[in-house]
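Visitor: This one is run.cif, mmCIF, C-alpha atoms.
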```
data_model
loop_
_atom_site.label_atom_id
_atom_site.label_comp_id
_atom_site.auth_asym_id
_atom_site.auth_seq_id
_atom_site.Cartn_x
_atom_site.Cartn_y
_atom_site.Cartn_z
CA MET A 1 95.50 103.92 114.59
CA PRO A 2 99.22 103.87 113.81
CA PHE A 3 101.65 102.07 116.06
CA VAL A 4 105.24 103.04 116.71
CA LEU A 5 108.28 101.12 115.50
CA ARG A 6 111.06 101.12 118.07
CA PRO A 7 114.75 101.15 117.21
CA ALA A 8 116.76 97.98 117.69
CA VAL A 9 118.35 97.65 121.11
CA LEU A 10 121.60 96.29 119.71
CA GLU A 11 123.26 97.31 116.52
CA PRO A 12 124.38 94.33 114.45
CA HIS A 13 128.07 95.02 114.94
CA TYR A 14 129.09 91.99 116.89
CA PRO A 15 131.73 90.24 114.80
CA LEU A 16 131.41 86.49 114.73
CA SER A 17 135.15 86.30 114.12
CA ARG A 18 135.49 87.45 117.72
CA VAL A 19 133.22 84.63 118.82
CA TRP A 20 135.51 82.17 117.05
CA LEU A 21 138.68 83.61 118.60
CA ASP A 22 137.15 83.57 122.08
CA PHE A 23 135.86 80.05 121.58
CA GLU A 24 139.26 78.78 120.47
CA GLU A 25 140.94 80.61 123.32
CA SER A 26 138.63 79.08 125.91
CA PHE A 27 139.70 75.58 124.86
CA ARG A 28 143.37 76.39 124.42
CA THR A 29 144.17 75.43 127.98
CA ASP A 30 140.95 73.74 129.11
CA ASN A 31 141.02 71.02 126.50
CA LEU A 32 137.98 69.56 124.81
CA VAL A 33 138.58 65.84 124.88
CA TRP A 34 137.22 63.56 122.17
CA GLY A 35 134.86 60.89 123.51
CA GLU A 36 133.82 62.91 126.53
CA GLU A 37 130.35 62.12 127.90
CA PRO A 38 127.84 63.92 125.60
CA ARG A 39 125.96 65.86 128.27
CA LEU A 40 129.19 67.13 129.84
CA TRP A 41 130.62 67.94 126.42
CA LYS A 42 127.56 69.99 125.50
CA GLN A 43 127.65 71.84 128.83
CA ARG A 44 131.28 72.81 128.31
CA VAL A 45 130.61 74.11 124.81
CA LEU A 46 127.62 76.08 126.06
CA ALA A 47 129.63 77.45 128.98
CA ALA A 48 132.28 78.72 126.59
CA LEU A 49 129.67 80.38 124.38
CA ALA A 50 127.87 81.84 127.39
CA ARG A 51 131.05 83.69 128.33
CA MET A 52 131.00 85.39 124.91
CA CYS A 53 127.53 86.77 125.39
CA PRO A 54 127.48 90.53 124.63
CA ASP A 55 127.20 92.69 127.74
CA GLU A 56 123.76 93.92 126.76
CA CYS A 57 122.41 90.36 126.52
CA GLU A 58 121.84 87.36 128.73
CA THR A 59 122.40 83.70 127.89
CA HIS A 60 119.57 81.20 128.17
CA ALA A 61 120.72 77.61 127.91
CA ASP A 62 121.05 74.53 130.07
CA GLY A 63 122.58 75.74 133.30
CA TYR A 64 122.38 79.43 132.36
CA GLY A 65 119.54 81.90 132.68
CA SER A 66 116.21 80.11 132.63
CA GLY A 67 117.25 77.12 130.51
CA PRO A 68 116.96 76.36 126.82
CA TRP A 69 114.32 78.15 124.82
CA LEU A 70 113.46 76.93 121.33
CA TYR A 71 117.16 76.56 120.54
CA ASP A 72 120.16 75.05 122.38
CA ALA A 73 121.18 78.50 123.56
CA VAL A 74 120.13 82.08 122.91
CA TRP A 75 121.63 85.46 123.63
CA SER A 76 118.67 87.68 124.25
CA VAL A 77 117.84 91.16 125.45
CA GLY A 78 115.51 90.27 128.30
CA ASP A 79 114.28 86.86 129.40
CA PRO A 80 112.41 85.28 126.46
CA ARG A 81 109.88 83.71 128.81
CA THR A 82 108.70 87.02 130.20
CA ASP A 83 107.47 90.44 129.13
CA LYS A 84 111.04 91.70 129.68
CA PHE A 85 112.03 90.10 126.38
CA LEU A 86 112.91 92.68 123.73
CA GLU A 87 114.76 90.80 121.04
CA LEU A 88 116.75 87.74 120.18
CA PHE A 89 120.32 88.72 119.44
CA GLY A 90 122.07 85.40 118.91
CA VAL A 91 121.09 81.78 118.45
CA ILE A 92 123.38 78.81 118.98
CA GLN A 93 122.58 75.32 117.76
CA ILE A 94 124.67 72.27 118.52
CA ALA A 95 124.59 69.34 116.13
CA TRP A 96 126.05 66.29 117.83
CA PRO A 97 124.35 63.36 116.14
CA TRP A 98 125.39 60.62 118.52
CA ASN A 99 122.87 58.24 117.04
CA ALA A 100 123.90 58.66 113.41
CA HIS A 101 125.17 55.42 111.93
CA ASP A 102 126.51 56.81 108.68
CA TRP A 103 127.20 60.08 106.90
CA ASP A 104 123.75 60.26 105.38
CA GLU A 105 122.13 60.20 108.83
CA TRP A 106 124.64 62.70 110.14
CA ILE A 107 124.05 65.12 107.27
CA GLU A 108 120.27 64.80 107.66
CA HIS A 109 120.53 65.75 111.33
CA VAL A 110 122.85 68.69 110.63
CA GLN A 111 120.55 69.86 107.87
CA VAL A 112 117.52 70.07 110.17
CA ARG A 113 119.48 71.87 112.90
CA SER A 114 120.84 74.31 110.37
CA ASN A 115 117.36 74.97 108.98
CA GLN A 116 116.15 75.68 112.51
CA LEU A 117 118.99 78.13 112.98
CA HIS A 118 118.06 79.86 109.75
CA GLY A 119 114.47 80.13 110.95
CA ALA A 120 115.50 82.38 113.84
CA ASN A 121 114.86 86.12 113.82
CA CYS A 122 118.24 87.28 115.16
CA VAL A 123 121.52 88.98 114.31
CA ALA A 124 124.17 86.37 115.19
CA ARG A 125 123.97 82.68 114.32
CA VAL A 126 126.41 80.05 115.52
CA MET A 127 126.29 76.36 114.64
CA VAL A 128 128.51 73.88 116.44
CA LEU A 129 129.13 70.65 114.52
CA ALA A 130 130.79 67.55 115.86
CA THR A 131 132.10 65.32 113.09
CA PRO A 132 132.13 61.62 113.74
CA THR A 133 134.63 59.30 112.13
CA PHE A 134 132.66 56.44 110.75
CA GLU A 135 134.87 53.45 110.36
CA GLY A 136 137.56 53.97 107.81
CA ASP A 137 136.47 57.48 106.91
CA ARG A 138 139.41 59.86 106.82
CA LEU A 139 137.57 62.66 105.09
CA ALA A 140 135.35 63.71 107.98
CA ILE A 141 136.42 67.32 107.98
CA PHE A 142 135.81 67.69 104.25
CA ARG A 143 132.32 66.23 104.60
CA ALA A 144 131.58 68.62 107.48
CA VAL A 145 132.81 71.63 105.52
CA ASP A 146 130.88 70.58 102.44
CA THR A 147 127.72 70.10 104.52
CA ALA A 148 128.08 73.50 106.19
CA ASP A 149 128.75 75.13 102.84
CA ARG A 150 125.67 73.59 101.22
CA CYS A 151 123.53 74.47 104.24
CA TRP A 152 124.63 78.09 104.02
CA ARG A 153 124.05 78.44 100.29
CA GLN A 154 120.53 77.05 100.29
CA TYR A 155 119.14 80.04 102.20
CA VAL A 156 118.56 82.73 99.66
CA THR A 157 117.00 85.16 102.09
CA LEU A 158 119.74 85.12 104.72
CA ALA A 159 120.67 88.63 105.76
CA HIS A 160 123.28 87.91 108.42
CA ASP A 161 126.61 86.12 108.84
CA VAL A 162 126.79 82.60 110.21
CA LEU A 163 129.67 80.95 112.06
CA TYR A 164 130.05 77.17 111.87
CA ILE A 165 132.38 75.71 114.52
CA ILE A 166 133.56 72.25 113.54
CA ILE A 167 134.86 69.94 116.24
CA SER A 168 136.54 66.87 114.86
CA GLU A 169 138.45 63.82 116.04
CA PRO A 170 142.01 64.53 117.18
CA GLU A 171 144.99 63.56 115.18
CA GLU A 172 146.30 60.09 115.85
CA GLY A 173 147.71 59.71 119.33
CA LYS A 174 146.31 63.01 120.63
CA PRO A 175 143.29 63.21 122.94
CA VAL A 176 142.31 66.81 122.24
CA CYS A 177 139.62 67.64 119.66
CA THR A 178 140.56 69.64 116.61
CA LEU A 179 138.68 72.94 116.32
CA ARG A 180 138.00 74.74 113.09
CA GLY A 181 135.81 77.66 112.15
CA LEU A 182 133.95 78.61 108.99
CA LEU A 183 132.60 82.14 108.87
CA PHE A 184 130.17 82.84 106.05
CA HIS A 185 129.80 86.51 105.23
CA ILE A 186 126.94 88.13 103.44
CA GLY A 187 127.96 88.77 99.87
CA ALA A 188 131.17 86.75 100.05
CA LEU A 189 131.65 83.83 97.72
CA THR A 190 133.92 81.88 100.01
CA PRO A 191 133.96 81.56 103.79
CA THR A 192 136.72 82.74 106.08
CA LEU A 193 138.51 79.74 107.54
CA PHE A 194 139.88 79.57 111.06
CA GLY A 195 141.93 76.85 112.74
CA ALA A 196 144.24 74.11 111.57
CA TRP A 197 143.22 73.99 107.93
CA ALA A 198 146.74 73.36 106.68
CA ALA A 199 146.79 70.02 108.48
CA VAL A 200 143.74 68.68 106.67
CA MET B 1 94.21 106.04 107.19
CA LEU B 2 93.03 103.99 104.24
CA PHE B 3 94.42 100.50 104.41
CA ASP B 4 95.46 98.69 101.26
CA PRO B 5 97.00 95.29 102.04
CA GLN B 6 98.37 94.81 98.52
CA ALA B 7 100.04 98.20 98.59
CA ALA B 8 101.46 97.41 102.01
CA ASN B 9 103.15 94.26 100.80
CA PRO B 10 102.84 93.97 97.02
CA ASP B 11 105.28 91.06 96.73
CA ALA B 12 103.48 88.86 99.25
CA LEU B 13 102.04 85.58 98.03
CA TRP B 14 99.18 86.13 100.40
CA THR B 15 97.97 88.88 102.67
CA MET B 16 97.09 88.82 106.30
CA GLU B 17 93.64 90.08 105.42
CA LYS B 18 93.14 87.10 103.12
CA ALA B 19 94.44 84.78 105.84
CA TRP B 20 91.98 86.29 108.32
CA PHE B 21 88.92 85.89 106.11
CA GLU B 22 89.93 82.40 105.01
CA PHE B 23 90.48 81.47 108.63
CA LEU B 24 86.97 82.67 109.44
CA ALA B 25 85.58 80.76 106.48
CA ALA B 26 87.35 77.61 107.71
CA PHE B 27 85.20 77.83 110.83
CA PRO B 28 81.58 78.46 109.87
CA PRO B 29 79.56 79.97 112.74
CA GLY B 30 79.33 77.60 115.66
CA GLN B 31 82.13 75.31 114.47
CA LEU B 32 84.82 76.51 116.87
CA TYR B 33 83.45 75.32 120.21
CA TRP B 34 84.34 76.73 123.57
CA GLY B 35 85.16 74.01 126.08
CA GLN B 36 86.25 71.53 123.43
CA ASP B 37 89.08 69.12 124.30
CA PRO B 38 92.28 71.23 124.10
CA ASP B 39 94.06 68.80 121.79
CA VAL B 40 91.10 68.70 119.41
CA TRP B 41 90.75 72.49 119.54
CA LYS B 42 94.41 73.02 118.74
CA HIS B 43 94.37 70.35 116.04
CA ASN B 44 91.38 72.03 114.36
CA LEU B 45 93.15 75.38 114.39
CA ARG B 46 96.31 73.88 112.94
CA MET B 47 94.33 72.20 110.20
CA ALA B 48 92.61 75.50 109.40
CA PHE B 49 95.95 77.24 108.81
CA ALA B 50 97.21 74.25 106.86
CA HIS B 51 94.04 74.31 104.76
CA ILE B 52 94.39 77.97 103.79
CA CYS B 53 98.10 77.66 102.96
CA PRO B 54 98.70 79.02 99.43
CA GLU B 55 100.01 75.83 97.82
CA PRO B 56 101.94 75.08 95.70
CA GLU B 57 104.00 78.25 96.27
CA THR B 58 104.42 77.24 99.89
CA ALA B 59 104.00 74.06 101.87
CA HIS B 60 102.77 73.71 105.46
CA THR B 61 104.19 71.63 108.26
CA GLU B 62 101.16 69.38 108.55
CA ASN B 63 102.15 67.58 105.37
CA ILE B 64 105.90 68.04 105.25
CA GLY B 65 107.04 66.96 108.68
CA GLY B 66 104.10 65.76 110.63
CA GLY B 67 103.21 68.88 112.55
CA ASP B 68 105.25 70.99 114.98
CA TRP B 69 108.44 72.43 113.61
CA LEU B 70 109.59 74.95 116.22
CA PHE B 71 106.21 76.67 115.93
CA ASP B 72 102.66 75.29 115.91
CA VAL B 73 102.29 75.75 112.16
CA VAL B 74 104.65 77.14 109.55
CA TRP B 75 104.19 77.82 105.89
CA ALA B 76 107.52 77.31 104.21
CA ILE B 77 109.17 77.63 100.85
CA GLY B 78 110.84 74.24 100.65
CA ASN B 79 110.74 71.55 103.30
CA PRO B 80 112.25 72.56 106.69
CA GLN B 81 113.27 68.94 107.27
CA THR B 82 115.48 68.79 104.19
CA ALA B 83 117.98 70.62 102.03
CA SER B 84 115.12 72.01 99.94
CA PHE B 85 114.22 74.50 102.70
CA ILE B 86 114.61 78.14 101.71
CA SER B 87 112.61 80.24 104.15
CA PHE B 88 109.47 80.57 106.21
CA GLY B 89 106.44 82.28 104.75
CA MET B 90 104.31 82.42 107.87
CA ALA B 91 104.49 81.14 111.45
CA VAL B 92 101.52 80.47 113.71
CA GLU B 93 101.53 80.10 117.48
CA ILE B 94 98.43 78.97 119.36
CA ALA B 95 98.04 79.92 123.03
CA TRP B 96 95.28 78.11 124.84
CA PRO B 97 96.08 78.47 128.53
CA TRP B 98 93.64 75.91 129.92
CA ALA B 99 95.38 75.71 133.26
CA ALA B 100 95.33 79.46 133.94
CA HIS B 101 93.28 80.41 136.98
CA SER B 102 93.71 84.15 136.71
CA TRP B 103 94.54 86.85 134.19
CA ALA B 104 98.09 86.96 135.54
CA GLU B 105 98.63 83.28 134.72
CA TRP B 106 96.88 83.65 131.39
CA THR B 107 99.00 86.67 130.49
CA GLN B 108 102.23 84.87 131.34
CA ASP B 109 101.37 82.00 129.01
CA VAL B 110 100.30 84.28 126.17
CA VAL B 111 103.46 86.39 126.52
CA GLU B 112 105.68 83.32 126.19
CA HIS B 113 103.86 82.17 123.05
CA SER B 114 104.12 85.65 121.62
CA ASN B 115 107.85 85.74 122.36
CA ARG B 116 108.30 82.43 120.56
CA LEU B 117 106.49 83.82 117.58
CA HIS B 118 108.73 86.88 117.58
CA ALA B 119 111.73 84.55 117.27
CA ALA B 120 110.53 83.28 113.88
CA GLU B 121 112.32 84.67 110.84
CA CYS B 122 109.43 85.50 108.53
CA GLU B 123 107.38 88.44 107.34
CA SER B 124 103.97 87.20 108.45
CA LYS B 125 103.00 85.83 111.85
CA VAL B 126 99.77 84.79 113.50
CA LEU B 127 99.09 84.55 117.22
CA VAL B 128 95.87 82.76 118.16
CA VAL B 129 94.76 83.16 121.77
CA ALA B 130 91.75 81.90 123.65
CA ALA B 131 90.51 84.44 126.18
CA PRO B 132 88.74 82.99 129.20
CA LEU B 133 85.96 84.72 131.06
CA PHE B 134 87.65 85.91 134.23
CA GLU B 135 86.02 89.29 133.70
CA ASP B 136 82.96 90.74 132.03
CA ASP B 137 84.83 91.83 128.91
CA PRO B 138 87.47 89.20 128.04
CA PHE B 139 88.05 90.62 124.58
CA MET B 140 89.03 94.04 125.88
CA ARG B 141 91.36 92.50 128.45
CA ALA B 142 92.89 90.13 125.92
CA THR B 143 93.39 92.96 123.45
CA VAL B 144 95.31 94.97 126.02
CA VAL B 145 97.60 91.98 126.63
CA THR B 146 98.22 91.21 122.96
CA ASP B 147 98.81 94.91 122.25
CA LYS B 148 101.51 94.93 124.90
CA CYS B 149 102.97 91.73 123.48
CA ARG B 150 103.48 93.38 120.14
CA GLU B 151 104.81 96.60 121.62
CA GLN B 152 107.52 94.98 123.72
CA TYR B 153 109.73 93.93 120.82
CA ALA B 154 112.51 96.19 119.69
CA ARG B 155 112.53 94.99 116.10
CA VAL B 156 109.31 94.17 114.26
CA PRO B 157 110.09 93.84 110.55
CA TYR B 158 106.93 91.89 109.90
CA GLU B 159 103.17 91.93 110.03
CA VAL B 160 101.31 90.08 112.73
CA LEU B 161 97.70 89.01 112.99
CA HIS B 162 96.25 88.43 116.44
CA VAL B 163 93.21 86.16 116.45
CA ILE B 164 91.31 86.29 119.71
CA CYS B 165 88.76 83.58 120.44
CA HIS B 166 86.73 84.29 123.53
CA LYS B 167 84.15 82.55 125.57
CA PRO B 168 80.64 83.08 124.24
CA GLN B 169 78.15 84.95 126.37
CA GLN B 170 75.13 83.36 127.99
CA GLY B 171 74.57 79.93 126.63
CA ASN B 172 76.08 80.26 123.18
CA ARG B 173 78.30 77.34 122.25
CA GLY B 174 80.61 78.66 119.58
CA CYS B 175 83.58 80.95 120.33
CA SER B 176 83.36 84.59 119.45
CA ILE B 177 86.26 85.54 117.19
CA ARG B 178 88.01 88.84 116.56
CA GLY B 179 91.17 89.83 114.70
CA ILE B 180 93.76 92.59 114.95
CA TRP B 181 96.31 93.06 112.20
CA TYR B 182 99.50 95.05 112.80
CA ASP B 183 101.40 95.87 109.63
CA CYS B 184 104.90 97.26 110.00
CA ASN B 185 105.04 98.15 106.29
CA SER B 186 102.35 100.78 106.53
CA ILE B 187 102.74 101.16 110.31
CA SER B 188 99.05 100.69 110.84
CA VAL B 189 96.60 98.58 112.74
CA LYS B 190 93.38 97.15 111.40
CA LYS B 191 90.76 95.67 113.66
CA TYR B 192 88.21 93.17 112.45
CA GLY B 193 84.75 92.97 113.87
CA ASP B 194 83.50 90.56 116.44
CA ARG B 195 81.87 87.48 115.07
CA VAL B 196 79.50 86.20 117.72
CA ASP B 197 78.45 82.63 117.07
#
```
What's the structure tokens form of this structure?
Guide:
Amino acid sequence: MPFVLRPAVLEPHYPLSRVWLDFEESFRTDNLVWGEEPRLWKQRVLAALARMCPDECETHADGYGSGPWLYDAVWSVGDPRTDKFLELFGVIQIAWPWNAHDWDEWIEHVQVRSNQLHGANCVARVMVLATPTFEGDRLAIFRAVDTADRCWRQYVTLAHDVLYIIISEPEEGKPVCTLRGLLFHIGALTPTLFGAWAAV
Amino acid sequence: MLFDPQAANPDALWTMEKAWFEFLAAFPPGQLYWGQDPDVWKHNLRMAFAHICPEPETAHTENIGGGDWLFDVVWAIGNPQTASFISFGMAVEIAWPWAAHSWAEWTQDVVEHSNRLHAAECESKVLVVAAPLFEDDPFMRATVVTDKCREQYARVPYEVLHVICHKPQQGNRGCSIRGIWYDCNSISVKKYGDRVD
């Protein structure tokens, strides 16, 4: 008895570069302050990403839809807890290792979150990384980029783009977080960089 | 339609058919009890899928992370907890809705487990469900539900095996077990017979 394969509801033409631009725009005036209470910080990041949800989808995350589901946030066609669910379009993971005491612990946490993201059957993947500044470490952004880059390259079967959003400590004397984006394209050897890279 | 699992997926390290028969072999008749403590029941199922994992090509989550890793069991190339992770080989979800008092409640629980399974990025997936005896023919009812579960997804670039364990009839102790294999490569369905313990 054959069964019927249905066409995808959404075509995979949702550029993650647009997600980055919208994300940056949302914090251009409503600043993301370094040291903000973690729960509030996470809610604000999720709220920004919820606003970028494609029209055909709904966001499920803390405070949106029916709450988190497997991942920190998902953009799905239909509620994933019900028989209305048709497909997972986007998955968002937030790595904010508050309890990490050094870079090794931080990288280990990011690695697991990134692996979880890779394990999702979806079109769009977004990973939000917060880089700590362990005492005396001025190379936080380089470590974050290197970690994201190694995470991306380990997955040989990846068939979709991934956007890493890196939130790092502000420059001296400024309260507002620095935002950067790394967009890894299928088939590209180097990522597209967004944000204040010249200042690093 | 003749069904040839190797032709359907010649590059696979294992086949769903092999997984099905090895799963059955892991539970000799009478070994999968109905009414067993839920945690024990689930643990036994997890161990069965860990036991039949085709090592060393793949590893399973029971020995590379201590159990749950997003799904009840995964077979993985590399360790999902480390930088050695490359991809999933197979994901298993186990739905055992002990608290369900009706088919509506049972269905809701099974649908959510099925949706979780759909969210796994891998070519082979297994959904194990325990069908209670709210009606005379729990297998038929459960099959209708799991059929709908599979049909609801827009994209199904994988094969999925549904294992249905249902309450034995009249005094038997062991679960009856049936399997349904949907293969998107050959767009076909294969049903395995009822094993009544």
Visitor: Report as a list in words the set of chain B residues whose atoms approach chain A to within 6 Å, with distances computed over all atoms listed in the file.
Guide: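 The contacting residues on chain B are Gln81, Ile86, Glu112, Ala119, Ala120, Glu121, Gln152, Tyr153, Ala154, Arg155, Ile187, Ser188 and Val189 of chain B.
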Visitor: Show me as a count of residues only the residues that reach within 10 Å of (123.7, 62.9, 117.3), counting all atoms listed in the file and using the file's own coordinates.
Guide: 17
Visitor: Within 9 Å of (99.9, 89.5, 130.5) in the file's own coordinates, which protein, DNA or RNA residues have an atom, counting all atoms listed in the file? List them as a PyMOL selection string.
Guide: (chain A and resi 83) or (chain B and resi 103-111+142+144-146+148-149)
Visitor: In Å, with one decimal, what is the gap from atom CA of Val45 of chain A to atom CA of His60 of chain A?
Guide: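 Atom CA of Val45 of chain A sits 13.5 Å away from atom CA of His60 of chain A.
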Visitor: One number please: atom CA of Val126 of chain A to atom CA of Leu163 of chain A, in Å, one decimal.
Guide: 4.8 Å
Visitor: If we count all atoms listed in the file, what is near segment 46-50 of chain A at a cut-off of 9 Å, once residues fewer than 5 positions away on the same chain are taken out, given as JSON, numbers by chain?
Guide: {"A": [19, 22, 23, 26, 27, 41, 58, 59, 60, 61, 62, 63, 64, 72, 73, 74, 75, 92, 94]}
Visitor: For the atom pair atom CA of Pro138 of chain B and atom CA of Ser102 of chain B, what is the interatomic distance in Å to one decimal place?
Guide: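 For atom CA of Pro138 of chain B relative to atom CA of Ser102 of chain B, the distance reads 11.8 Å.
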Visitor: Pick from A:Cys53, A:Leu32, A:Ile167, A:Leu16: nearest to Ala140 of chain A, with only C-alpha atoms counted?
Guide: A:Ile167
Visitor: At the level of C-alpha atoms, write segment 42-80 of chain A to a file as a CSV table (one decimal), in the first residue's frame, please.
Guide:
```
chain,number,residue,atom,x,y,z
A,42,LYS,CA,16.8,35.6,27.3
A,43,GLN,CA,13.2,36.9,27.1
A,44,ARG,CA,14.2,40.0,25.2
A,45,VAL,CA,16.3,38.0,22.8
A,46,LEU,CA,13.4,35.6,22.2
A,47,ALA,CA,11.0,38.4,21.8
A,48,ALA,CA,13.2,39.9,19.1
A,49,LEU,CA,13.4,36.6,17.3
A,50,ALA,CA,9.7,36.0,17.6
A,51,ARG,CA,9.0,39.2,15.7
A,52,MET,CA,11.0,37.7,12.8
A,53,CYS,CA,8.9,34.6,12.5
A,54,PRO,CA,7.8,34.1,8.9
A,55,ASP,CA,4.1,34.9,8.4
A,56,GLU,CA,3.3,31.3,7.6
A,57,CYS,CA,4.7,30.1,11.0
A,58,GLU,CA,4.1,30.6,14.7
A,59,THR,CA,6.7,31.0,17.4
A,60,HIS,CA,6.8,28.6,20.4
A,61,ALA,CA,9.1,29.8,23.2
A,62,ASP,CA,8.8,31.1,26.7
A,63,GLY,CA,6.1,33.6,26.7
A,64,TYR,CA,5.0,32.9,23.1
A,65,GLY,CA,2.7,30.2,21.6
A,66,SER,CA,2.6,27.2,23.9
A,67,GLY,CA,6.1,27.6,25.5
A,68,PRO,CA,9.4,26.0,24.6
A,69,TRP,CA,9.4,22.7,22.8
A,70,LEU,CA,12.6,20.6,22.6
A,71,TYR,CA,14.6,23.8,21.8
A,72,ASP,CA,14.7,27.3,23.2
A,73,ALA,CA,12.4,28.5,20.5
A,74,VAL,CA,10.9,27.1,17.3
A,75,TRP,CA,9.2,28.6,14.3
A,76,SER,CA,6.7,26.0,13.2
A,77,VAL,CA,3.9,25.4,10.8
A,78,GLY,CA,1.2,24.4,13.3
A,79,ASP,CA,1.5,23.9,17.1
A,80,PRO,CA,4.1,21.1,17.6
```
